[in-house]
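Let me begin by presenting the structure, written as structure tokens, before commenting on it.
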Amino acid sequence: MATYKSVETRYLEDRRAFFRGLRNLDRRSFLKVSAAAMGAAAGLAAPHSFTPVSVARGAESPPGAAPQPAFRFAYISDSHLYERDVNDRFVRGLLRAVDDVNNLDPQPDFVFYGGDLAQLGQAKELELGAQILKNLKAPLRIMVGEHDWYLDMGQKWRELFGPPTYSFDHKGVHFVVLNSVVERDFWTARGMSPMERMRTVAGLDNGLQSPFTVGAAQRKWLQDDLARLPDDARIIVFSHSPLYKLYKPWNFWTDDADEVQAILKRFQRVVVIHGHTHQLLTNRIGNIHFHGVLSTAWPWPYAPEGMPEITIQMSRPDPFNPHDGCGDGEIHVHPDGLVDKVYSLWNRNPVTVSRAYMLSAGKESVPPLPNRPSY
Amino acid sequence: MRNAPLRCPASAAAGTICVLLGALAGCAQNAAPPGATGPNASERPPAITPVAATAEPSAAAPAAAGGETVAIGACDGGAAVEVPSSLTGQPLADSLMDQWQRDHPEANWVAEQQERHALIPPADNSDLLKGDQGKDHAYGNYTERDILTWARETEKFVAEGSRIFHSADELGSTVAVSCDMCHPHAANTHPETYPKYQTQLGRVALLRDMIDWCIENPVRGEHLDPNGAKMRALEAYIQSQRKGVALNYGKH
């Protein structure tokens, strides 16, 4: 009978076998053990490091095959760094993601960081994150998250990374980066110190804070930024919070999402990539395709209500399996501006939510369903 | 005493019961025994020891009719408070309580915790007062006050759990991690599935075993006493937030 063994069990079995072998080591078995040691060491370094090979070289693909992407970029998000001597687990998470992305061959056109680089917005946390991200071989584009912002209202972040709202063009696609974590002032009336304000925002289930918004000023900026573009322009928007209303108690929510969507409505194809939710999350509202990204620090549970039907939920992470449910990933951009979203989960098989799946509203190219419920 | 409801909020952070003032709360020599119900109970002279009296009305007691104030030492060890010497009975108690609350803004921590983390309230037992249900129990009749006491005490227990659940310091984390970082609103804790065979531990686990595992591993804190105050509070909070979910022990 086949027995299910967890990653951790398999790792421990390999390790035990290796040390048993060491005890009775003679010349003849040396080679055998050292081979096992190399296996164990390789397993230790990256037991399930799936490094997807590029599928971008599709010039010779047969007619009728799935369309090939025009270019691709990688993402890393939600590292929630403390200083290294406070917590090195989250630091190791970000380092691992940077290694993953640097090992991609060929390299992505750029790497997008999805916000919440720091846990409490402290200068040393942000500086540590900036320092680690400097190791990326590909150029970095970065977005702000609420954990980066509410200690000094973005002062240090802007010093390191520049303005939080900007746009750029890459290979015919117009990219827009928003600060979608603007909260109404809840702190002055309560007489909170900057750190109290930061800690309130940092608590996902802390109801004293306000809902996230993009805000009138940025909506105006977005309107102006997109004004010159034709309706068939290819547009990818980055926002830290999902640009729709999923679950308000955890700010899986943007309060003025309807207004932002109204600005995007005239375009035939829009992709929104967001952080904050630390999970596989997919939604489609009309012409707008929404994709969440993974965290390098910890996975969040799914919202208890209001989940988009099109989302294929990842099964619940195993707490005994460190970094299960975490990871990084890639985004393959097709010539029409729509994307295949790759979730490179560290302890699981990668999952691709394809352009075809989104276009068919979940009917075709369905990603493999998880073997356990998400809870 | 009987007609003066005791509005003494407990200071949970210190884990102590606040007995505000000897004269009014009954920790001094002439305290009424529990249940004392004499008609004159509220008219007893309060056991106030004047430790200072000023001729001019002080800023703290502008309403003093005769201009005299009296300083009263609180039996929680806090600073003495000044009240007009003309005050007696309930107005005096109210004045003292107001001052105490001003000095202890954290005293409303239960309400604050409820608002901050959207705590689910305990069952409403007010139906017990309908008809004869509340009458002739072993210890007398249930009153509105009983119903309120049950609710308040239970809410406080749960709020204390929420406070610990959301605090890396209270949990003793060495890596600044608290429970809510993975379990907002205690989501994904599924207390209704315990006891169950926890495959990763290779044995049957209770909810408290998993709480302890989490504290020792992801949180990197010290093992919690399974019967200690913190574990009891954490269990209370986690279970309270799954109110209405059917028990289904053993479920994976």
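Following the order of the structure tokens, chains are lettered A, B, ..., residues in each are numbered from 1, and ligands are numbered from 1.
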
At a cut-off of 9 Å, which residues of chain B touch chain A? Count only C-alpha atoms and give the answer as number ranges by chain. B: 115-118, 166, 174-177, 180-185, 187-188, 190, 200, 214, 217-218

DSSP-assigned strand (DSSP E) members of range 23-248 of chain B, reported as a VMD selection string: chain B and resid 69 to 72 81 to 84 196 to 198 203 to 205

So which residues touch Arg184 in chain A within 10 Å, counting only C-alpha atoms, skipping near sequence neighbours fewer than 5 positions away, as a list of chain:residue names?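 Contacts, with the query itself left out: A:Gln209, A:Ser210, A:Pro211, A:Phe212, A:Thr213, A:Gly215.
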
Please run DSSP on the backbone and report, as a ChimeraX atom specification, all residues within range 101-307 of chain A that come out as helix (DSSP H, G or I). /A:101-102,123-133,146-149,155-161,194-202,216-227,248-250,257-264

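Counting from CA of Val111 in chain A, the distance to CA of Thr296 in chain A is 14.6 Å.
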
Excluding range 243-248 of chain B and any residue of its chain fewer than 5 positions from it, enumerate the residues within 9 Å of it, using only C-alpha atoms, and give them as a PyMOL selection string. chain B and resi 120-122+191-194

Could you please take those selected residues and save C-alpha atoms as a short mmCIF file (atom, residue, chain, number, x, y, z; two decimals), in the first residue's frame?
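The resulting selection.cif:
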```cif
data_model
loop_
_atom_site.label_atom_id
_atom_site.label_comp_id
_atom_site.auth_asym_id
_atom_site.auth_seq_id
_atom_site.Cartn_x
_atom_site.Cartn_y
_atom_site.Cartn_z
CA ILE B 120 -18.03 37.61 18.97
CA PRO B 121 -20.22 38.08 22.07
CA PRO B 122 -21.24 35.15 24.30
CA PRO B 191 -10.97 24.34 17.36
CA GLU B 192 -14.12 22.33 16.66
CA THR B 193 -12.01 19.52 15.13
CA TYR B 194 -10.13 18.68 18.35
#
```

One number please: CA of Leu294 in chain A to CA of Leu369 in chain A, in Å, one decimal. 17.5 Å

Can you pull out every residue within 8 Å of range 138-144 of chain A, counting only C-alpha atoms, but drop anything in the same chain fewer than 4 positions away, and send it as a ChimeraX atom specification? /A:102,107-117,133,148-149,157,161,164,177-179,238-240

Given only C-alpha atoms as the basis, pick out the residue of B:Trp109, B:Gly67, B:Tyr249, B:Pro195 nearest to Ser86 in chain B. B:Gly67

Selection: 12 Å around Trp221 in chain A, only C-alpha atoms, excl. self and same-chain fewer than 4 positions, as a count of residues only: 16

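The gap separating CA of Trp213 in chain B from CA of Ala233 in chain B is 16.2 Å, in Å to one decimal.
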
Compile the contact shell of Arg232 in chain B as a ChimeraX atom specification: residues with an atom at most 10 Å away, counting only C-alpha atoms, same-chain residues fewer than 2 positions apart removed. /B:157-158,160-161,208,225-230,234-237

Please produce a file of those selected residues containing C-alpha atoms, as a CSV table (one decimal), in the first residue's frame.
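Written out: part23.csv:
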```csv
chain,number,residue,atom,x,y,z
B,157,PHE,CA,-12.0,36.1,29.8
B,158,VAL,CA,-12.2,36.0,26.0
B,160,GLU,CA,-7.9,38.6,27.6
B,161,GLY,CA,-7.3,35.7,25.2
B,208,ARG,CA,-4.1,23.3,23.7
B,225,ASP,CA,1.7,25.6,31.2
B,226,PRO,CA,-1.4,23.7,29.9
B,227,ASN,CA,-3.4,24.9,32.9
B,228,GLY,CA,-1.9,28.3,33.1
B,229,ALA,CA,-3.8,31.6,32.8
B,230,LYS,CA,-2.5,32.3,29.3
B,234,LEU,CA,-6.1,31.6,24.5
B,235,GLU,CA,-8.3,28.6,24.3
B,236,ALA,CA,-11.3,30.7,25.4
B,237,TYR,CA,-10.6,33.3,22.6
```
